[in-house]
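Remarks on the structure that follows.
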Amino acid sequence: MSTTNANLTISISKEQLAGLPTMVYPGAVTVVDDPATARTAVRALNREGIVGFDTETRPSFRKGQRHNVALMQISTHERCFLFRLNKIGISEELKNFLENPAIIKIGLSIHDDFNALHRNCEVACEGFIDLQQYVKRFGIKDISLQKIYAIIFGERISKSQRLTNWEAETLTPGQQAYAALDAWACLRIYDYLQADEFDPESSPYARHEADTI
């Protein structure tokens, strides 16, 4: 993996982001909302070496109000499993998966996810890599998934579903696609960077320290 000039800074503005085409999730989705489906999903995930990870929580619009994690998204390269924790909780099999250091899980701001998950269940998450820290070695200063993805792939992840009700009886197709894309995007970003496909020096959003003097 190539090293990055220490004076290089890569960041995208809101205006640049808004002008990019919207990314559409290309994979399959499995909604996991019963114990049998959860067992099947975890068995499939245990065969993977690396996955993408994210969570969603019902938004709170009152000060001091907090909700438990409602949805956990775990994505392979082809399929994202949406575990509806508000319905099925965290099973022993899923807990063991999260605690397995041999399976790498790629997420963003994962300590926030861990803190939120501890309201659901005591789980000691292992094998996680936080993209917010990982992308710094490539000169990327932005920390949101939306901006990181845009810098690397030139596409915008829509956040229109972020504040929807993740504890709804049924998740809409829009919610499912949004949730799956976030976890899948984490995996795609990591794979791309690990494969040395991203050239920071040629990024249209790259700035050298001398450029700002």
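Identifiers for the structure tokens are assigned positionally: chains receive A, B, ... in sequence, residues are indexed from 1 per chain, and ligands are indexed from 1 in the order shown.
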
Using only C-alpha atoms, find each residue in range 125-150 of chain A having at least one atom no more than 12 Å away from range 168-186 of chain A; report its shortest atom-to-atom pair and that distance in Å (one decimal), rows by chain then rising number, as a Markdown table.
| residue | atom | partner | partner_atom | distance |
| --- | --- | --- | --- | --- |
| A:Phe128 | CA | A:Cys186 | CA | 11.7 |
| A:Ile129 | CA | A:Cys186 | CA | 10.0 |
| A:Asp130 | CA | A:Cys186 | CA | 9.3 |
| A:Leu131 | CA | A:Cys186 | CA | 7.4 |
| A:Gln132 | CA | A:Cys186 | CA | 10.4 |
| A:Tyr134 | CA | A:Cys186 | CA | 11.2 |
| A:Val135 | CA | A:Cys186 | CA | 11.2 |
| A:Ser144 | CA | A:Cys186 | CA | 10.9 |
| A:Leu145 | CA | A:Cys186 | CA | 7.6 |
| A:Gln146 | CA | A:Asp182 | CA | 8.8 |
| A:Lys147 | CA | A:Ala185 | CA | 11.5 |
| A:Ile148 | CA | A:Cys186 | CA | 9.5 |
| A:Tyr149 | CA | A:Ala185 | CA | 7.2 |
| A:Ala150 | CA | A:Ala185 | CA | 10.6 |

Using C-alpha atoms, can you export the residues from the last selection as a PDB file, in the first residue's frame?
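The result, written out as again35.pdb:
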ATOM      1  CA  PHE A 128     -13.489  -4.021  13.972  1.00  0.00           C
ATOM      2  CA  ILE A 129     -11.756  -1.380  11.832  1.00  0.00           C
ATOM      3  CA  ASP A 130     -12.985   2.212  11.940  1.00  0.00           C
ATOM      4  CA  LEU A 131     -12.859   3.935   8.546  1.00  0.00           C
ATOM      5  CA  GLN A 132     -12.664   7.359  10.190  1.00  0.00           C
ATOM      6  CA  TYR A 134      -8.177   4.262   8.467  1.00  0.00           C
ATOM      7  CA  VAL A 135      -8.725   6.884   5.737  1.00  0.00           C
ATOM      8  CA  SER A 144     -18.622  11.195   7.203  1.00  0.00           C
ATOM      9  CA  LEU A 145     -19.333   8.088   5.145  1.00  0.00           C
ATOM     10  CA  GLN A 146     -21.108  10.217   2.557  1.00  0.00           C
ATOM     11  CA  LYS A 147     -18.056  12.413   1.955  1.00  0.00           C
ATOM     12  CA  ILE A 148     -15.488   9.606   2.117  1.00  0.00           C
ATOM     13  CA  TYR A 149     -17.433   7.608  -0.462  1.00  0.00           C
ATOM     14  CA  ALA A 150     -17.811  10.674  -2.690  1.00  0.00           C
TER      15      ALA A 150
END

Report task. Give me the residues within 9 Å of Thr164 in chain A as a ChimeraX atom specification, counting only C-alpha atoms and dropping any in the same chain fewer than 2 places off. Result -> /A:58-59,160-162,166-168,175

**Report entry** Which of chain A DSSP labels strand (DSSP E), written as a PyMOL selection string
**Finding:** chain A and resi 8-10+28-32+50-57+69-75+79-84+104-107+128-130+206-208

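Picture a line from CA of Leu193 in chain A to CA of Gly49 in chain A; it runs 16.8 Å.
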
Query raised in the report: How would you write, as JSON, numbers by chain, the set of residues in chain A that DSSP gives as helix (DSSP H, G or I)?
Result: {"A": [14, 15, 16, 17, 18, 35, 36, 37, 38, 39, 40, 41, 42, 43, 44, 45, 85, 86, 87, 88, 92, 93, 94, 95, 96, 97, 98, 110, 111, 112, 113, 114, 115, 116, 117, 131, 132, 133, 134, 135, 136, 137, 138, 145, 146, 147, 148, 149, 150, 151, 152, 153, 173, 174, 175, 176, 177, 178, 179, 180, 181, 182, 183, 184, 185, 186, 187, 188, 189, 190, 191, 192, 193, 194, 200, 201, 202, 209, 210, 211, 212]}

Requested in this report: Name the residues in contact with Gly52 in chain A at a cut-off of 7 Å, using only C-alpha atoms, excluding same-chain residues fewer than 6 positions from it; report them as a PyMOL selection string.
Outcome: chain A and resi 74-76+105-107+183-184+186-187

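Distances here use only C-alpha atoms; by that measure, the residue among A:Leu163, A:Val24, A:Val123, A:Leu117 closest to Val69 in chain A is A:Leu117.
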
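All residues of protein, DNA or RNA that reach within 10 Å of Ala124 in chain A, judged by only C-alpha atoms and not counting those fewer than 4 positions away in the chain, are Lys95, Asn96, Leu98, Glu99, Asn100, Phe114, Leu117 and His118 of chain A.
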
Requested in this report: Using only C-alpha atoms, pick whichever of A:Arg188, A:Lys87, A:Arg156, A:Lys136 has the shortest atom-to-atom distance to Leu8 in chain A.
Outcome: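 Once distances to Leu8 in chain A are computed over only C-alpha atoms, the minimum belongs to A:Lys136.
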
12 Å contact set for Arg47 in chain A, only C-alpha atoms, chain neighbours under 3 positions out, as an mmCIF file with N, CA, C and O atoms, in the first residue's frame:
data_model
loop_
_atom_site.group_PDB
_atom_site.id
_atom_site.type_symbol
_atom_site.label_atom_id
_atom_site.label_comp_id
_atom_site.auth_asym_id
_atom_site.auth_seq_id
_atom_site.Cartn_x
_atom_site.Cartn_y
_atom_site.Cartn_z
ATOM 1 N N THR A 40 -29.710 -18.605 10.221
ATOM 2 C CA THR A 40 -29.237 -18.833 8.854
ATOM 3 C C THR A 40 -28.301 -17.717 8.412
ATOM 4 O O THR A 40 -27.269 -17.967 7.784
ATOM 5 N N ALA A 41 -28.649 -16.485 8.754
ATOM 6 C CA ALA A 41 -27.824 -15.339 8.373
ATOM 7 C C ALA A 41 -26.453 -15.394 9.024
ATOM 8 O O ALA A 41 -25.426 -15.176 8.370
ATOM 9 N N VAL A 42 -26.419 -15.698 10.314
ATOM 10 C CA VAL A 42 -25.138 -15.740 11.023
ATOM 11 C C VAL A 42 -24.268 -16.868 10.478
ATOM 12 O O VAL A 42 -23.044 -16.713 10.337
ATOM 13 N N ARG A 43 -24.871 -18.010 10.142
ATOM 14 C CA ARG A 43 -24.093 -19.108 9.544
ATOM 15 C C ARG A 43 -23.436 -18.646 8.254
ATOM 16 O O ARG A 43 -22.267 -18.963 7.983
ATOM 17 N N ALA A 44 -24.183 -17.907 7.434
ATOM 18 C CA ALA A 44 -23.620 -17.397 6.178
ATOM 19 C C ALA A 44 -22.496 -16.403 6.453
ATOM 20 O O ALA A 44 -21.440 -16.432 5.802
ATOM 21 N N ILE A 50 -14.420 -10.959 5.835
ATOM 22 C CA ILE A 50 -14.536 -9.527 6.054
ATOM 23 C C ILE A 50 -15.936 -9.081 5.659
ATOM 24 O O ILE A 50 -16.503 -9.577 4.678
ATOM 25 N N VAL A 51 -16.505 -8.154 6.424
ATOM 26 C CA VAL A 51 -17.865 -7.672 6.175
ATOM 27 C C VAL A 51 -17.936 -6.174 6.465
ATOM 28 O O VAL A 51 -17.071 -5.611 7.134
ATOM 29 N N THR A 76 -21.976 -8.508 3.169
ATOM 30 C CA THR A 76 -20.920 -9.137 2.385
ATOM 31 C C THR A 76 -20.780 -8.326 1.100
ATOM 32 O O THR A 76 -21.382 -7.272 0.947
ATOM 33 N N PHE A 97 -20.575 -13.839 16.839
ATOM 34 C CA PHE A 97 -20.050 -13.294 15.583
ATOM 35 C C PHE A 97 -19.400 -11.934 15.819
ATOM 36 O O PHE A 97 -18.289 -11.666 15.340
ATOM 37 N N ALA A 102 -11.535 -13.051 14.339
ATOM 38 C CA ALA A 102 -11.050 -13.604 13.074
ATOM 39 C C ALA A 102 -11.816 -13.066 11.872
ATOM 40 O O ALA A 102 -11.334 -13.161 10.736
ATOM 41 N N ILE A 103 -13.004 -12.510 12.096
ATOM 42 C CA ILE A 103 -13.789 -11.934 11.000
ATOM 43 C C ILE A 103 -13.691 -10.420 11.118
ATOM 44 O O ILE A 103 -14.102 -9.833 12.125
ATOM 45 N N ILE A 104 -13.147 -9.785 10.101
ATOM 46 C CA ILE A 104 -12.937 -8.337 10.119
ATOM 47 C C ILE A 104 -14.249 -7.635 9.769
ATOM 48 O O ILE A 104 -14.916 -7.978 8.796
#

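Minimum atom-to-atom distances from A:Lys141, A:Lys14, A:His208, A:Arg39 to Leu94 in chain A were compared using only C-alpha atoms, and the lowest value belongs to A:Arg39.
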
Query raised in the report: Pick the closest to Met72 in chain A from A:Val32, A:Ile143, A:Leu45, A:Ile189: which is it, counting only C-alpha atoms?
Result: A:Val32

Requested in this report: Give the answer as one residue: which of A:Cys121, A:Ala36, A:Ile10, A:Ala28 has the shortest atom-to-atom distance to Ile152 in chain A, using only C-alpha atoms?
Outcome: A:Ile10

**Report entry** Residue with smallest distance to Ile88 in chain A - pool A:Glu197, A:Asp34, A:Asp54, A:Asp113, counting only C-alpha atoms
**Finding:**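 Residue with the minimum atom-to-atom distance to Ile88 in chain A: A:Asp34.
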